[in-house]
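The structure file structure_12.txt is reproduced below (compact mmCIF, C-alpha atoms).
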# COMPACT_ATOMS: atom_id res chain seq x y z
CA MET A 1 30.39 12.05 11.96
CA LEU A 2 27.66 13.26 14.31
CA SER A 3 24.90 12.51 11.79
CA TYR A 4 26.32 9.00 11.29
CA LEU A 5 26.29 8.34 15.05
CA LYS A 6 22.72 9.60 15.31
CA LYS A 7 21.69 7.27 12.49
CA GLN A 8 23.38 4.31 14.18
CA LEU A 9 21.74 5.09 17.52
CA LYS A 10 18.36 5.38 15.82
CA GLN A 11 18.86 1.96 14.21
CA LEU A 12 19.88 0.40 17.54
CA LEU A 13 16.84 1.90 19.26
CA LYS A 14 14.56 0.60 16.49
CA HIS A 15 16.06 -2.88 16.81
CA TYR A 16 15.66 -2.85 20.61
CA GLN A 17 12.04 -1.71 20.40
CA ARG A 18 11.24 -4.45 17.91
CA GLU A 19 12.84 -7.09 20.11
CA GLN A 20 10.81 -5.91 23.10
CA SER A 21 7.62 -5.88 21.04
CA ALA A 22 8.33 -9.43 19.83
CA LYS A 23 8.86 -10.63 23.41
CA GLU A 24 5.57 -9.09 24.51
CA LEU A 25 3.72 -10.67 21.58
CA LYS A 26 5.26 -14.06 22.29
CA SER A 27 4.19 -13.99 25.91
CA GLN A 28 0.77 -12.35 25.53
CA ALA A 29 -0.66 -12.86 22.02
CA PRO A 30 -2.09 -16.01 20.40
CA HIS A 31 0.49 -18.06 18.50
CA VAL A 32 -0.11 -18.88 14.84
CA SER A 33 1.88 -21.07 12.45
CA GLN A 34 2.63 -20.63 8.75
CA GLN A 35 0.33 -23.54 7.92
CA GLN A 36 -2.52 -21.99 9.89
CA LEU A 37 -2.03 -18.68 8.08
CA THR A 38 -2.24 -20.41 4.69
CA GLN A 39 -5.42 -22.23 5.69
CA GLN A 40 -7.00 -19.03 6.98
CA LEU A 41 -6.04 -17.08 3.86
CA ARG A 42 -7.70 -19.77 1.75
CA ALA A 43 -10.81 -19.64 3.95
CA LEU A 44 -10.91 -15.87 3.44
CA GLY A 45 -10.98 -16.34 -0.31
CA VAL A 46 -7.35 -16.25 -1.50
CA GLN A 47 -7.03 -18.78 -4.33
CA PRO A 48 -4.22 -20.24 -6.47
CA GLY A 49 -3.46 -17.85 -9.31
CA ASP A 50 -4.59 -14.76 -7.40
CA SER A 51 -2.65 -11.50 -7.58
CA ILE A 52 -2.82 -10.03 -4.08
CA PHE A 53 -2.07 -6.38 -3.26
CA LEU A 54 -1.47 -6.52 0.48
CA HIS A 55 -1.86 -3.86 3.15
CA SER A 56 -1.18 -5.21 6.61
CA SER A 57 -0.45 -4.79 10.29
CA LEU A 58 1.99 -7.54 11.22
CA LYS A 59 1.44 -7.30 14.98
CA SER A 60 -2.32 -7.64 14.54
CA LEU A 61 -1.80 -11.27 13.45
CA GLY A 62 -0.55 -12.22 16.90
CA TYR A 63 2.74 -14.03 17.46
CA VAL A 64 3.65 -15.60 14.13
CA GLU A 65 6.03 -18.54 14.51
CA GLY A 66 8.79 -17.76 12.04
CA GLY A 67 8.10 -14.02 11.95
CA PRO A 68 7.50 -11.97 8.77
CA ALA A 69 9.13 -14.63 6.58
CA ALA A 70 6.44 -17.11 7.63
CA VAL A 71 3.67 -14.64 6.65
CA ILE A 72 5.27 -14.16 3.23
CA ALA A 73 5.67 -17.93 2.76
CA ALA A 74 2.01 -18.46 3.72
CA LEU A 75 0.93 -15.93 1.09
CA GLN A 76 3.16 -17.53 -1.54
CA THR A 77 1.68 -20.95 -0.80
CA ALA A 78 -1.87 -19.55 -0.94
CA VAL A 79 -1.48 -17.94 -4.39
CA GLY A 80 0.86 -20.60 -5.76
CA PRO A 81 3.36 -20.33 -8.63
CA ASP A 82 0.81 -18.75 -11.00
CA GLY A 83 -0.05 -15.92 -8.60
CA ASN A 84 1.53 -12.63 -7.53
CA ILE A 85 2.01 -10.82 -4.24
CA LEU A 86 2.38 -7.04 -4.23
CA LEU A 87 3.45 -5.00 -1.22
CA PRO A 88 3.90 -1.25 -0.78
CA THR A 89 7.59 -0.62 -0.13
CA TYR A 90 7.39 3.17 -0.22
CA TYR A 91 10.40 5.29 0.66
CA LEU A 92 9.46 8.83 1.72
CA PRO A 93 12.43 10.52 3.38
CA GLY A 94 10.37 13.68 3.84
CA GLY A 95 7.47 11.82 5.43
CA THR A 96 5.06 13.09 2.73
CA ILE A 97 5.25 13.63 -1.03
CA ASP A 98 5.20 17.38 -0.46
CA ASN A 99 8.11 17.36 2.00
CA THR A 100 10.07 14.91 -0.13
CA CYS A 101 9.70 17.27 -3.11
CA LYS A 102 11.46 19.92 -1.04
CA LEU A 103 14.60 17.79 -0.56
CA THR A 104 17.01 19.33 -3.06
CA ASP A 105 19.61 16.53 -3.06
CA TYR A 106 17.32 13.49 -2.93
CA CYS A 107 17.67 10.70 -5.50
CA PHE A 108 15.98 7.34 -4.92
CA ASP A 109 18.29 4.37 -5.46
CA LEU A 110 16.93 0.82 -5.35
CA ARG A 111 20.34 -0.46 -4.34
CA ILE A 112 20.57 1.49 -1.10
CA HIS A 113 17.11 2.68 -0.08
CA GLY A 114 14.84 0.43 1.94
CA THR A 115 11.27 1.18 2.97
CA HIS A 116 9.46 3.05 5.72
CA MET A 117 6.48 0.69 5.65
CA GLY A 118 7.37 -1.68 8.50
CA ARG A 119 8.73 -5.15 9.22
CA LEU A 120 6.71 -7.15 6.72
CA PRO A 121 7.60 -4.97 3.69
CA GLU A 122 11.23 -4.92 4.88
CA ALA A 123 11.28 -8.72 4.99
CA PHE A 124 9.54 -8.88 1.61
CA LEU A 125 12.30 -6.79 0.04
CA ALA A 126 14.81 -9.39 1.23
CA THR A 127 12.78 -12.31 -0.20
CA SER A 128 14.24 -14.23 -3.12
CA GLY A 129 12.65 -13.44 -6.48
CA VAL A 130 11.07 -10.13 -5.44
CA GLN A 131 11.26 -7.28 -7.96
CA ARG A 132 10.79 -3.62 -7.05
CA SER A 133 9.47 -0.74 -9.10
CA LEU A 134 11.70 2.28 -9.60
CA HIS A 135 9.90 5.26 -8.11
CA PRO A 136 11.11 8.09 -5.83
CA THR A 137 8.19 7.95 -3.35
CA HIS A 138 5.86 4.98 -3.97
CA SER A 139 7.99 2.02 -4.97
CA VAL A 140 6.04 -1.28 -5.07
CA SER A 141 7.59 -4.75 -4.69
CA VAL A 142 6.25 -7.90 -6.32
CA TRP A 143 6.81 -11.64 -6.10
CA GLY A 144 5.28 -13.85 -8.77
CA LYS A 145 5.03 -14.67 -12.43
CA ASP A 146 4.00 -11.13 -13.48
CA ALA A 147 6.53 -9.29 -11.30
CA ARG A 148 8.38 -7.74 -14.23
CA PHE A 149 5.19 -6.58 -15.98
CA LEU A 150 3.88 -5.02 -12.76
CA THR A 151 7.06 -3.12 -11.85
CA GLU A 152 8.95 -2.29 -15.04
CA ALA A 153 7.26 0.97 -16.10
CA HIS A 154 6.61 2.85 -12.87
CA HIS A 155 9.37 5.44 -13.32
CA LYS A 156 8.05 6.15 -16.83
CA ALA A 157 4.42 6.60 -15.75
CA PRO A 158 2.97 10.13 -15.98
CA SER A 159 1.46 9.83 -12.49
CA VAL A 160 2.18 7.85 -9.33
CA PHE A 161 -0.90 5.61 -9.39
CA GLY A 162 -2.30 5.88 -12.92
CA GLU A 163 -1.48 4.53 -16.39
CA GLY A 164 1.65 2.35 -16.39
CA SER A 165 1.86 2.19 -12.60
CA PRO A 166 1.81 -1.08 -10.63
CA TRP A 167 -1.75 -0.26 -9.49
CA GLN A 168 -3.09 0.22 -13.01
CA ARG A 169 -1.36 -2.91 -14.32
CA PHE A 170 -2.40 -4.93 -11.27
CA ALA A 171 -6.05 -4.01 -11.88
CA THR A 172 -5.87 -5.51 -15.39
CA LEU A 173 -4.99 -9.00 -14.09
CA PRO A 174 -7.90 -11.48 -14.09
CA GLN A 175 -7.61 -12.54 -10.42
CA ALA A 176 -6.46 -9.25 -8.88
CA LYS A 177 -7.58 -8.79 -5.27
CA VAL A 178 -6.84 -6.25 -2.54
CA LEU A 179 -6.19 -7.81 0.89
CA GLY A 180 -6.26 -6.07 4.25
CA LEU A 181 -4.71 -7.98 7.16
CA GLY A 182 -5.62 -6.34 10.45
CA ILE A 183 -6.30 -2.90 8.97
CA SER A 184 -9.40 -0.76 8.44
CA MET A 185 -10.65 0.49 5.08
CA GLY A 186 -8.59 3.65 5.65
CA PRO A 187 -4.94 3.13 4.62
CA VAL A 188 -5.58 1.55 1.22
CA THR A 189 -3.51 3.03 -1.60
CA PHE A 190 -5.69 1.43 -4.28
CA TYR A 191 -8.16 4.31 -3.80
CA HIS A 192 -5.71 6.64 -5.55
CA LEU A 193 -5.92 4.71 -8.81
CA LEU A 194 -9.32 6.33 -9.38
CA GLU A 195 -7.94 9.83 -8.75
CA ASP A 196 -5.04 9.43 -11.17
CA THR A 197 -7.18 7.71 -13.81
CA MET A 198 -9.91 10.38 -13.72
CA GLY A 199 -7.44 13.25 -13.43
CA GLU A 200 -9.19 16.59 -13.76
CA GLN A 201 -12.55 14.78 -13.97
CA PHE A 202 -12.22 13.64 -10.34
CA PRO A 203 -15.03 15.29 -8.31
CA LEU A 204 -12.69 17.67 -6.47
CA PRO A 205 -9.14 18.99 -6.98
CA VAL A 206 -6.81 17.09 -4.66
CA TRP A 207 -3.32 17.94 -5.89
CA GLN A 208 -0.73 20.67 -5.55
CA PRO A 209 1.44 21.54 -8.57
CA GLU A 210 3.57 18.71 -9.93
CA CYS A 211 7.24 18.38 -9.04
CA LEU A 212 10.01 16.22 -10.46
CA LEU A 213 11.98 13.84 -8.26
CA ARG A 214 15.03 11.89 -9.28
CA CYS A 215 15.69 8.17 -9.14
CA ILE A 216 18.56 6.07 -10.44
CA ASP A 217 18.34 2.63 -12.03
CA ASP A 218 20.80 -0.27 -11.82
CA GLN A 219 22.56 1.01 -14.95
CA ASP A 220 23.24 4.34 -13.19
CA LYS A 221 20.81 6.21 -15.41
CA VAL A 222 19.02 9.04 -13.64
CA TRP A 223 15.30 9.50 -14.29
CA GLN A 224 13.18 12.56 -13.58
CA VAL A 225 9.83 11.29 -12.33
CA PRO A 226 6.70 13.48 -12.06
CA VAL A 227 4.84 13.36 -8.74
CA ARG A 228 1.93 15.45 -7.50
CA PRO A 229 1.78 16.27 -3.78
CA TYR A 230 -1.69 16.20 -2.24
CA ASP A 231 -3.43 19.37 -1.10
CA LYS A 232 -2.54 19.61 2.58
CA THR A 233 -5.87 21.21 3.44
CA LEU A 234 -7.61 17.93 2.54
CA ALA A 235 -5.44 15.70 4.75
CA THR A 236 -7.84 15.67 7.72
CA MET A 237 -10.79 14.92 5.43
CA ARG A 238 -9.29 11.85 3.77
CA ILE A 239 -10.34 8.33 4.63
CA ASP A 240 -6.95 7.37 6.08
CA HIS A 241 -6.99 10.15 8.71
CA PRO A 242 -7.62 8.87 12.29
CA SER A 243 -10.60 11.22 12.63
CA ARG A 244 -12.43 9.67 9.64
CA GLY A 245 -13.73 6.50 11.22
CA ASP A 246 -17.15 7.47 9.84
CA LEU A 247 -15.89 7.38 6.26
CA GLN A 248 -13.95 4.14 6.82
CA GLN A 249 -17.09 2.49 8.21
CA TYR A 250 -19.22 3.87 5.38
CA MET A 251 -16.87 2.41 2.77
CA LYS A 252 -16.83 -0.96 4.52
CA ASP A 253 -20.62 -1.05 4.88
CA GLU A 254 -21.07 0.00 1.24
CA LEU A 255 -18.82 -2.77 -0.06
CA ILE A 256 -20.51 -5.35 2.16
CA ALA A 257 -23.99 -4.21 1.08
CA CYS A 258 -22.95 -4.61 -2.56
CA GLY A 259 -21.70 -8.14 -1.85
CA LEU A 260 -18.11 -7.31 -2.76
CA LEU A 261 -16.18 -7.47 0.52
CA GLN A 262 -15.25 -10.84 2.01
CA GLN A 263 -14.40 -10.86 5.71
CA GLY A 264 -12.64 -13.35 7.96
CA GLN A 265 -9.86 -13.88 10.45
CA VAL A 266 -6.19 -14.55 9.79
CA GLY A 267 -4.21 -15.22 12.94
CA ALA A 268 -5.65 -12.88 15.54
CA ALA A 269 -6.54 -10.22 12.96
CA SER A 270 -9.85 -9.24 11.43
CA CYS A 271 -9.25 -9.21 7.68
CA TRP A 272 -10.96 -8.40 4.39
CA LEU A 273 -10.57 -9.24 0.72
CA ILE A 274 -12.06 -7.65 -2.40
CA GLY A 275 -11.67 -8.12 -6.14
CA ALA A 276 -9.73 -5.18 -7.58
CA GLN A 277 -11.94 -4.66 -10.63
CA ASP A 278 -15.13 -4.78 -8.54
CA PHE A 279 -13.53 -2.40 -6.05
CA TYR A 280 -12.61 0.08 -8.79
CA ARG A 281 -16.05 -0.02 -10.40
CA GLN A 282 -17.71 0.66 -7.05
CA LEU A 283 -15.37 3.60 -6.41
CA GLU A 284 -16.36 4.96 -9.85
CA LYS A 285 -20.04 4.58 -8.98
CA LEU A 286 -19.57 6.32 -5.64
CA ALA A 287 -17.67 9.19 -7.29
CA ALA A 288 -20.56 9.66 -9.73
CA ASP A 289 -22.80 10.06 -6.66
CA GLY A 290 -20.39 12.59 -5.12
CA ILE A 291 -18.82 10.18 -2.63
CA THR A 292 -15.03 10.02 -2.61
CA ILE A 293 -12.39 9.26 -0.01
CA TYR A 294 -12.72 12.95 0.97
CA ALA A 295 -16.51 12.88 1.48
CA THR A 296 -17.85 14.98 4.36
CA PRO A 297 -20.20 13.55 7.01
CA GLU A 298 -23.00 15.57 5.39
CA GLN A 299 -22.35 13.97 2.00
CA LEU A 300 -22.40 10.50 3.56
CA GLN A 301 -25.76 11.21 5.17
CA GLN A 302 -27.24 12.27 1.85
CA ARG A 303 -26.40 8.96 0.10
CA PRO A 304 -27.79 5.79 1.70
CA ILE A 305 -25.55 2.69 1.93
CA GLY A 306 -25.93 0.32 -1.02
CA ARG A 307 -27.95 2.70 -3.18
Would you kindly transcribe this structure into structure tokens?
Amino acid sequence: MLSYLKKQLKQLLKHYQREQSAKELKSQAPHVSQQQLTQQLRALGVQPGDSIFLHSSLKSLGYVEGGPAAVIAALQTAVGPDGNILLPTYYLPGGTIDNTCKLTDYCFDLRIHGTHMGRLPEAFLATSGVQRSLHPTHSVSVWGKDARFLTEAHHKAPSVFGEGSPWQRFATLPQAKVLGLGISMGPVTFYHLLEDTMGEQFPLPVWQPECLLRCIDDQDKVWQVPVRPYDKTLATMRIDHPSRGDLQQYMKDELIACGLLQQGQVGAASCWLIGAQDFYRQLEKLAADGITIYATPEQLQQRPIGR
């Protein structure tokens, strides 16, 4: 009973904080409409038929008239009926893969588990026609004509991000693009596709021993899914750590110098867009030169931008 009350209070507090944040945005931030968002996405380079893997900060857009649903509708209009929209809808009850592996009674269930990724992914999960991959830590949700292909095999994949995962299948699509709305080059899960594809050939060991986590499908079948926690000693070195602004800037400058990264503004947010296949090939090239998302400042100094 006590745990239930705590959960309810936590939900009420979350709702109150979001309402207050929305009021502040409405009174202080620039207002943007769904139509404006669509126009700005097109100006950035999003085209009909594109498959967009989105990482975003909703509040960075300013005050969006219509809220998260308007952002989703703008994206749908921009890619059209022949495109796809992919969002991370991860559910990590332990906060990290490692801590989630230590939860003895955990079983991911699509029917009851939401996401820890924020308001936009939450709203996306509630959007008509969205399909979600079955995975105990890194479930991905997709709207579009290839939604089934992109999500159907995740729980059968031998690694989180590699062969058979939404990332690997997404990268095979002809108009696959990674979109960052109001975020740096740090929190971009697409980087991990290279790690899982290269496996032991990746320039440095980044994983702890594999564990199995359970998930249950809509037919009540339980699946044991292999996941590999990341080496905790590398956490502060990785590109998504707040201290690694140098590596985030290096990656951005590298992709700009190679003519791969498109930049623009959507709402009030500085945004970027890059073709997934070009992105992957450049990550491969960097890895061959010893530069990964764990590169030290010394390694960055030794390899000039755009070499």
### Task
Name the residues in contact with range 218-221 of chain A at a cut-off of 12 Å, using only C-alpha atoms, excluding same-chain residues fewer than 4 positions from it; report them as a ChimeraX atom specification.
/A:107-112,132-134,155,214
#### Entry: Residues within 10 Å of Gly45 in chain A, all atoms listed in the file, excluding chain neighbours under 2 positions, as an NGL selection string
:A and (40-43 or 47-48 or 50 or 78 or 177 or 179 or 262-264 or 272-274)
Let's have the selection written as a short mmCIF file (atom, residue, chain, number, x, y, z; two decimals), in the coordinates of the input, with C-alpha atoms.
data_model
loop_
_atom_site.label_atom_id
_atom_site.label_comp_id
_atom_site.auth_asym_id
_atom_site.auth_seq_id
_atom_site.Cartn_x
_atom_site.Cartn_y
_atom_site.Cartn_z
CA GLN A 40 -7.00 -19.03 6.98
CA LEU A 41 -6.04 -17.08 3.86
CA ARG A 42 -7.70 -19.77 1.75
CA ALA A 43 -10.81 -19.64 3.95
CA GLN A 47 -7.03 -18.78 -4.33
CA PRO A 48 -4.22 -20.24 -6.47
CA ASP A 50 -4.59 -14.76 -7.40
CA ALA A 78 -1.87 -19.55 -0.94
CA LYS A 177 -7.58 -8.79 -5.27
CA LEU A 179 -6.19 -7.81 0.89
CA GLN A 262 -15.25 -10.84 2.01
CA GLN A 263 -14.40 -10.86 5.71
CA GLY A 264 -12.64 -13.35 7.96
CA TRP A 272 -10.96 -8.40 4.39
CA LEU A 273 -10.57 -9.24 0.72
CA ILE A 274 -12.06 -7.65 -2.40
#
### Message
Need to verify the contact set: Leu255 in chain A, 9 Å, all atoms listed in the file, exclusion of same-chain residues closer than 3 positions in sequence. Can you return it as a PyMOL selection string?
### Response
chain A and resi 250-252+258-261+274+279+282+305-306
#### Entry: Polymer residues at most 10 Å from (-11.9, 0.0, 11.2) by all atoms listed in the file, as a VMD selection string
chain A and resid 182 to 186 242 244 to 249 252 270
### Pairwise distance for CA of Lys145 in chain A and CA of Ser60 in chain A, rounded to one decimal in Å
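Spanning CA of Lys145 in chain A to CA of Ser60 in chain A is a straight-line distance of 28.8 Å.
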## Note on the structure
If you count only C-alpha atoms, the residue of A:Leu194, A:Leu61, A:Ile52, A:Val225 closest to Lys285 in chain A turns out to be A:Leu194
### Query
Which residue, A:Leu103, A:Pro81, A:Thr96, A:Lys156, has the smallest gap to Trp143 in chain A when you use all atoms listed in the file?
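Using all atoms listed in the file, the shortest distance to Trp143 in chain A belongs to A:Pro81.
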### Task
Go through A:Gly49, A:Met198, A:Gly114, A:Ala69 one by one, measure the shortest atom-to-atom distance of each to Asp146 in chain A using only C-alpha atoms, and give the residue with the smallest value.
A:Gly49
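Comparing the minimum interatomic distances between His31 in chain A and each of A:Gly267, A:Pro304, A:Gly275, A:Gly180, counting all atoms listed in the file, we find that A:Gly267 sits nearest.
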#### Entry: Ref. answer, residues at most 9 Å from (-4.8, 17.3, -2.7) with all atoms listed in the file, as number ranges by chain
A: 204-208, 228-235
### Task
Kindly indicate which residue among A:Val227, A:Leu87, A:Ala269, A:Pro93 lies nearest to Leu58 in chain A, using only C-alpha atoms for the distances.
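Checking each of A:Val227, A:Leu87, A:Ala269, A:Pro93 against Leu58 in chain A, counting only C-alpha atoms, the winner is A:Ala269.
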### Task
Work out how far apart CA of Asp289 in chain A and CA of Arg303 in chain A are and give it in Å to one decimal.
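So the answer is 7.7 Å.
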